[in-house]
Amino acid sequence: MNQRGITKRIGAIRFAYMSPKEIRKLSATKIITPDTYDDDGFPIEMGLMDTHLGVIEPGLRCKTCGGRVDQCSGHFGHIELAMPVIHVGYVKEIKKLLRSTCSDCGHVLMEDEDRDHFVEEMKHLDRLGGDSLDMRKLAKEISKSARKNKVCPHCKTEQRKIMLDKPTTFREDNTKLTPKEVRARLERIPDRDLVPLGINPHVVRPEWMVLSVLLVPPVTVRPSITLESGDRSEDDLTHKLVDILRINQRLRENRDVGSPQLIVEDLWDLLQYHVNTYFDNQTSGIPPARHRSGRTLKTLIQRLKGKEGRFRQNLSGKRVNFSSRTVISPDPWLSINQVGVPDKAARELTVPLKVTPENIDYVKEMVSKGPEPTERGKYIAGANYIIRPDGRRIRVTEMNAETVAEKIEVGFTVERGLQDGDIVLFNRQPSLHRMSMMAHEVKIVPGKTFRLNLAVCPPYNADFDGDEMNLHVLQSEEARAEAKVIMRVQENILSPRFGGPIIGATQDHISGLFFLTYQNPLFSRREVVSLFSNIKTENFPPAVEIDGEKMWYGKEIFSHFLPDGLNQEFRASICETCEKCLKQECEHDAYVSIEDGYLKTGTIDENAVGAFKGEVVDKIARDMGTREARMFIDRITTIALGTITLRGFTTAISDEDLPNQAVQQMREILKKAADKVKGYAEAYRDGELEQMPGRDLKETLEVMAMKETGKARDTVGTIASKHLGLGNNFVVMAKTGARASMLNLTQMAGALGQQAIRGERPSRGYEERTLSHFERGSLGAEAKGFVQSCYKEGLKPVEYFFHSMAGREGLVDTAVRTSRSGYMQRRLIHAMEDLMVYNDGSVRNTGDTMIQFKFGEDGIDPMRSKKGDAVDINDILTELKAVKRGGGA
Amino acid sequence: MGKINVMKHAFVPEHRLVPKEKEEKIVKDLDVPKDKLPKILKSDPVLKQIEGVYGEIQEGRMIEIVRNSDTTGEAYAYRLVVDR
């Protein structure tokens with residue numbers, strides 16, 4: 001089978017520091033010259049590009065293992081440092097050790113008995129199953145208690161304070177400790193004193209934290225690139241290593257000829273700087289090393305850290321094959337389970353097909369047609385590659401198709417293009433919940449875009465203003481089966497996020513169903529035929545005879561798609577929440593009552609079928625199964641679009657027209673509110689304003705002003721809606737929940753109302769006033785952002801300015817919120833990624849530690865709950881009523 | 001400053017010491033080894049407080065916590081007393 005990898009079980013992994021001995025043993029060559037290539041472009045011996053370290057150019061052979069470019073993964077080298085330097089990554093540990101051990105004799109600063117006591121405690125912790133984190137915590141405490149002794153209990157030497165000058169300079173009472181001295185001190189710590197400090201002396205000696213030898217990574221880690229001009233460009237790491245080698249050489253020379261101490265020390269510090277930046281070029285306290293162009297160098301830590309680092313970019317996430325990405329567009333004729341794949345993409349994406357005695361003839365015929373067969377101009381799947389059992393791939397072309405097809409035997413694999421019905425995964429970023437990636441059935445379509453049904457926009461949060469989505473082709477039978485069972489769109493109609501449907505009708509679907517069912521309209525034969533022509537159906541709903549013509553009721557048509565045995569009662573979205581609900585007798589036709597799959601009363605709108613809210617979709621998915629729910633959504637959305645197409649639907653500026661008398665009334669209300677605020681402001685100035693509990697005078701004024709202006713806008717809104725009823729298309733959208741809200745209408749036809757910045761009336765700007773148009777200290781409504789104009793009439797310049805202020809705040813808020821909540825979610829995911837709900841309902845982590853005794857304390861699966869509740873009492877009562885009636889389940 | 005009784009705080013749920021003879025049954029019902037239970041420090045202020053009722057609580061004993069839960073009304077949790 002797979003000959004490429006040899007698998008072995010990893011018994012244990014141990015992380016430790018590298019000893020100089022180990023580094024030298026690992027090293028393939030010592031590196032002494034800072035030069036890389038000679039004049040002929042060949043790597044210099046004992047240079048940074050020495051071929052002992054591996055090869056990056058084709059043709060050359062590695063001098064260590066003899067391998068070529070693709071065979072040799074490279075070997076490490078080493079640099080002998082003239083003087084030791086401190087490793088930046090270990091300064092904290094060094095500081096801890098220096099502070100808790102004697103500067104003279106190296107013993108840990110405590111009596112032997114105390115030390116042994118702590119060692120015992122550590123062993124105890126280990127027996128209790130403490131992990132490395134617990135250990136580190138204990139070691140830290142021990143070191144803390146050792147530090148308290150100012151005099152060494154062993155040699156009675158007085159201890160002086162050791163300070164760390166970021167990043168790598170140690171000072172003892174303001175005299176500098178050279179790395180050499182630090183190293184000497186670490187060497188003096190006896191093995192048995194290391195144990196209580198959290199170091200295993202059998203594995204690590206602390207003096208290894210001061211480098212005397214530097215490991216040089218293989219050239220394959222830092223390959224040089226050749227530009228078109230023929231110039232060589234070296235990797236950042238190589239540049240840094242060159243710096244280190246240069247200074248190292250100068251330091252050695254100066255030291256050997258006995259230069260003044262000052263010069264040697266300066267060079268030593270410089271070497272320390274270069275080694276520091278070689279490891280981490282972003283340590284605080286030192287300027288980052290830069291490229292000649294001024295760009296900061298990307299050294300070791302920068303390669304690993306952060307979003308673009310090795311871990312997050314290349315290890316946790318990778319680019320994959322058998323995937324594609326393009327713009328999405330809507331297609332109401334597809335089922336929610338389907339995805340439209342353009343033929344161009346379908347030819348490129350492949351599914352492996354194992355050749356068996358059963359399918360060999362079929363496969364041979366398919367391959368013989370070549371890679372891009374068509375049938376009367378229509379797409380049919382072709383084969384791109386055949387793979388022999390020995391792993392050899394043969395590309396199928398127009399030319400060789402027939403001959404290749406002949407050669408196919410049982411056991412071969414054929415990579416064929418996509419065809420209708422293939423299972424693929426479809427995804428839109430950001431993938432914020434599990435419905436962001438669902439399994440769809442392929443439907444080959446012309447054009448260049450992926451197509452999807454509008455009802456699946458909500459789970460993906462997709463629209464068609466240029467959104468792109470990704471598609472992944474599953475490659476194994478197991479994957480396809482699994483995806484079909486748990487990832488298919490229909491299996492995700494109910495969301496685990498809030499125990500309700502996340503897939504359902506949106507926008508025009510909802511308006512359409514409103515026109516189909518509101519006040520039960522009649523449809524002519526022509527209309528009904530037009531509606532049903534889009535749908536597969538065996539029978540029609542019953543008709544009524546009016547004036548010798550066959551007519552159909554809208555509710556009758558809708559009921560046709562409700563499953564038998566469905567019993568439901570709920571309030572529609574258009575419900576006016578009257579004081580006393582008349583239920584079935586509702587004069588607004590807003591009380592939905594379904595008996596045995598028949599819509600008796602009520603209007604179908606967002607509360608019945610909408611995404612996030614649809615009660616009917618919810619109940620069908622719950623009680624009748626996901627297949628039934630999918631068919632229901634597919635069919636009612638089609639019918640809805642048919643209905644709205646028959647009627648026609650638009651909204652225009654005239655939808656916001658109000659009678660003169662109403663406009664007059666609104667103006668008066670707004671004026672009155674402004675006057676009232678003015679009155680408050682005057683009362684405030686005269687000190688006559690009555691203070692509210694828990695607020696000072698100024699706050700009282702603000703609260704009262706906000707309340708007054710808010711009330712004014714509400715009244716304006718009610719006046720507007722009194723004059724505009726369900727005969728108005730905009731009102732239809734707002735009330736049914738298809739799009740927009742009544743507030744939008746108020747702002748277009750009435751007034752924008754009070755503009756708020758940080759929840760308060762605008763206050764900043766000029767001295768004691770918001771704009772230079774107002775008097776100083778003015779606190780009236782107009783001066784504080786009360787906009788009395790509406791969008792339709794247009795805003796006054798000052799009003800426009802306040803509106804822009806509030807608008808800007810909104811934009812900034814969303815920008816800040818998304819980035820912040822994104823990071824918050826990332827941290828949550830990391831905190832919970834190893835938690836699992838077990839069969840007994842308990843939540844435990846991978847260490848089998850109990851986290852929660854029962855999931856959510858009640859053990860309820862939120863996906864199967866009704867908006868979080870385990871039991872839906874209302875539903876049970878309706879069902880019981882149905883049983884009593886003699887119908888129902 | 002007088003000692004504050006943390007148990008009186010609205011956010012601190014009820015804590016009880018589990019009688020030794022009941023421990024085995026609870027551990028069996030939960031199907032979890034005792035050392036995999038969540039921990040509570042011996043030095044926890046709540047333990048200090050209920051030691052006034054039960055006397056000194058040894059390391060290795062179990063504490064039952066009864067929380068008010070939005071989902072179930074009352075939720076029971078168990079913690080193992082540890083030192084440090």
# chains A, B, ... in the order shown; residues from 1 in each chain; ligands from 1
$ interface_residues --of "chain A" --to "chain B" --cutoff "8 Å" --atoms "only C-alpha atoms" --output "number ranges by chain"
A: 848-853, 856-858
$ residues_around --residues "Lys8 of chain B" --least-positions-apart "5" --cutoff "12 Å" --atoms "only C-alpha atoms" --output "count of residues only"
8
$ select_by_dssp --residues "segment 787-878 of chain A" --states "alpha helix (DSSP H)" --output "ChimeraX atom specification"
/A:797-832,873-878
$ write_last_selection --atoms "C-alpha atoms" --output "PDB file, in the first residue's frame"
ATOM      1  CA  PRO A 797     -26.642  70.835   7.489  1.00  0.00           C
ATOM      2  CA  VAL A 798     -26.353  70.837  11.275  1.00  0.00           C
ATOM      3  CA  GLU A 799     -28.558  67.780  11.556  1.00  0.00           C
ATOM      4  CA  TYR A 800     -26.498  66.046   8.894  1.00  0.00           C
ATOM      5  CA  PHE A 801     -23.377  66.701  10.939  1.00  0.00           C
ATOM      6  CA  PHE A 802     -24.853  65.100  14.065  1.00  0.00           C
ATOM      7  CA  HIS A 803     -26.101  62.188  12.009  1.00  0.00           C
ATOM      8  CA  SER A 804     -22.603  61.682  10.604  1.00  0.00           C
ATOM      9  CA  MET A 805     -21.183  61.650  14.129  1.00  0.00           C
ATOM     10  CA  ALA A 806     -23.550  58.886  15.201  1.00  0.00           C
ATOM     11  CA  GLY A 807     -22.958  57.052  11.921  1.00  0.00           C
ATOM     12  CA  ARG A 808     -19.186  57.141  12.371  1.00  0.00           C
ATOM     13  CA  GLU A 809     -19.511  55.774  15.872  1.00  0.00           C
ATOM     14  CA  GLY A 810     -21.520  52.875  14.505  1.00  0.00           C
ATOM     15  CA  LEU A 811     -18.835  52.017  11.949  1.00  0.00           C
ATOM     16  CA  VAL A 812     -16.007  52.218  14.456  1.00  0.00           C
ATOM     17  CA  ASP A 813     -17.948  50.108  16.928  1.00  0.00           C
ATOM     18  CA  THR A 814     -18.519  47.272  14.482  1.00  0.00           C
ATOM     19  CA  ALA A 815     -14.864  47.279  13.442  1.00  0.00           C
ATOM     20  CA  VAL A 816     -13.674  47.141  17.025  1.00  0.00           C
ATOM     21  CA  ARG A 817     -16.267  44.588  18.046  1.00  0.00           C
ATOM     22  CA  THR A 818     -15.484  42.065  15.325  1.00  0.00           C
ATOM     23  CA  SER A 819     -11.754  42.044  16.004  1.00  0.00           C
ATOM     24  CA  ARG A 820     -12.208  41.862  19.741  1.00  0.00           C
ATOM     25  CA  SER A 821     -14.864  39.163  19.750  1.00  0.00           C
ATOM     26  CA  GLY A 822     -12.781  37.194  17.232  1.00  0.00           C
ATOM     27  CA  TYR A 823      -9.839  37.055  19.600  1.00  0.00           C
ATOM     28  CA  MET A 824     -12.112  36.286  22.525  1.00  0.00           C
ATOM     29  CA  GLN A 825     -13.595  33.377  20.635  1.00  0.00           C
ATOM     30  CA  ARG A 826     -10.136  32.102  19.705  1.00  0.00           C
ATOM     31  CA  ARG A 827      -9.134  31.991  23.363  1.00  0.00           C
ATOM     32  CA  LEU A 828     -12.376  30.237  24.290  1.00  0.00           C
ATOM     33  CA  ILE A 829     -11.823  27.619  21.624  1.00  0.00           C
ATOM     34  CA  HIS A 830      -8.319  26.965  22.899  1.00  0.00           C
ATOM     35  CA  ALA A 831      -9.566  26.664  26.456  1.00  0.00           C
ATOM     36  CA  MET A 832     -12.243  24.137  25.547  1.00  0.00           C
ATOM     37  CA  ILE A 873     -45.394  22.552  26.960  1.00  0.00           C
ATOM     38  CA  ASN A 874     -47.411  24.574  24.426  1.00  0.00           C
ATOM     39  CA  ASP A 875     -46.658  22.036  21.744  1.00  0.00           C
ATOM     40  CA  ILE A 876     -47.810  19.171  23.950  1.00  0.00           C
ATOM     41  CA  LEU A 877     -51.060  20.998  24.733  1.00  0.00           C
ATOM     42  CA  THR A 878     -51.785  21.630  21.041  1.00  0.00           C
TER      43      THR A 878
END
$ residues_around --residues "Thr326 of chain A" --least-positions-apart "4" --cutoff "7 Å" --atoms "only C-alpha atoms" --output "PyMOL selection string"
chain A and resi 449-450+468-470
$ residues_around --residues "Met62 of chain B" --least-positions-apart "6" --cutoff "8 Å" --atoms "only C-alpha atoms" --output "JSON, numbers by chain"
{"B": [17, 18, 23, 78, 79, 80, 81]}
$ write_last_selection --atoms "C-alpha atoms" --output "CSV table (one decimal), in the first residue's frame"
chain,number,residue,atom,x,y,z
B,17,LEU,CA,-18.9,17.7,53.7
B,18,VAL,CA,-19.7,14.3,52.2
B,23,GLU,CA,-18.0,8.8,49.2
B,78,TYR,CA,-18.3,17.3,44.0
B,79,ARG,CA,-14.8,18.5,44.8
B,80,LEU,CA,-11.8,16.8,46.3
B,81,VAL,CA,-10.1,18.5,49.2
$ atom_distance --atom1 "atom CA of Val216 of chain A" --atom2 "atom CA of Thr29 of chain A"
9.5 Å
$ atom_distance --atom1 "atom CA of Lys140 of chain A" --atom2 "atom CA of Glu181 of chain A"
23.7 Å
